[in-house]
Amino acid sequence: MNGADVLDIARESIWVLIKVSGPVMLVALFVGLFIALFQALTQIQEMTLTFVPKIIAIFISLFIFMPYMSQTMGDFMAFITERIVSLG
C-alpha cells in the first residue's frame with residue numbers, strides 16, 4: 001500500500017461521512033432555522049422550544065434515512081474489503 005492508496009481511502013471515507021451525516025444535519029439545520037424564525041416573530045424565548053422539535057425531527061429523520069445510510073456504509077465496507085483482499 002502506497003501513499004496514493006491511503007489518500008484514496010481517506011477521500012472515500014470523507015465522502016461517506018458527508019453522505020451519511022448530511023441528510024440528518026440538513027434536517028436539524030432547517031428545523032433549527034424554522035424554530036429561530038418562529039421565536040423571533042412571536043418573541044417566545046422558551047428554551048425547550050429550541051431543543052424538543054430538533055430532537056424529534058432528528059429522531060424521525062434517522063428512521064427515514066436509515067436504509068440509505070446503511071446502504072452507503074455497506075458499500076464502503078465492501079470497498080474497503082476489496083482493497084484489503086487485493087493487497088494480499
# chains A, B, ... in the order shown; residues from 1 in each chain; ligands from 1

call {"tool": "residues_around", "arguments": {"residues": "stretch 52-67 of chain A", "least_positions_apart": "2", "cutoff": "7 Å", "atoms": "only C-alpha atoms", "output": "VMD selection string"}}
result
chain A and resid 24 27 to 28 31 to 32 48 to 50 69 to 71

call {"tool": "write_last_selection", "arguments": {"atoms": "C-alpha atoms", "output": "mmCIF file, in the first residue's frame"}}
result
data_model
loop_
_atom_site.group_PDB
_atom_site.id
_atom_site.type_symbol
_atom_site.label_atom_id
_atom_site.label_comp_id
_atom_site.auth_asym_id
_atom_site.auth_seq_id
_atom_site.Cartn_x
_atom_site.Cartn_y
_atom_site.Cartn_z
ATOM 1 C CA VAL A 24 -29.747 14.383 9.233
ATOM 2 C CA VAL A 27 -32.949 18.359 8.724
ATOM 3 C CA ALA A 28 -31.551 19.705 12.009
ATOM 4 C CA VAL A 31 -35.788 22.763 11.822
ATOM 5 C CA GLY A 32 -33.484 24.988 13.879
ATOM 6 C CA THR A 48 -37.367 23.793 25.457
ATOM 7 C CA LEU A 49 -38.918 25.122 22.256
ATOM 8 C CA THR A 50 -35.433 25.112 20.766
ATOM 9 C CA MET A 69 -27.255 5.318 5.471
ATOM 10 C CA SER A 70 -26.818 1.570 5.947
ATOM 11 C CA GLN A 71 -26.531 1.007 2.183
#

call {"tool": "closest_residue", "arguments": {"among": "A:Phe51, A:Tyr68, A:Phe79, A:Trp15", "to": "A:Ile35", "atoms": "only C-alpha atoms"}}
result
A:Phe51

call {"tool": "atom_distance", "arguments": {"atom1": "atom CA of A:Val16", "atom2": "atom CA of A:Ala78"}}
result
12.6 Å

call {"tool": "closest_residue", "arguments": {"among": "A:Val20, A:Ala36, A:Ile80, A:Met73", "to": "A:Asp8", "atoms": "only C-alpha atoms"}}
result
A:Ile80

call {"tool": "closest_residue", "arguments": {"among": "A:Thr72, A:Gln45, A:Thr81, A:Ser86", "to": "A:Ser21", "atoms": "only C-alpha atoms"}}
result
A:Thr72

call {"tool": "closest_residue", "arguments": {"among": "A:Phe76, A:Leu87, A:Glu82, A:Phe34", "to": "A:Ile14", "atoms": "only C-alpha atoms"}}
result
A:Phe76

call {"tool": "atom_distance", "arguments": {"atom1": "atom CA of A:Leu41", "atom2": "atom CA of A:Leu29"}}
result
18.2 Å
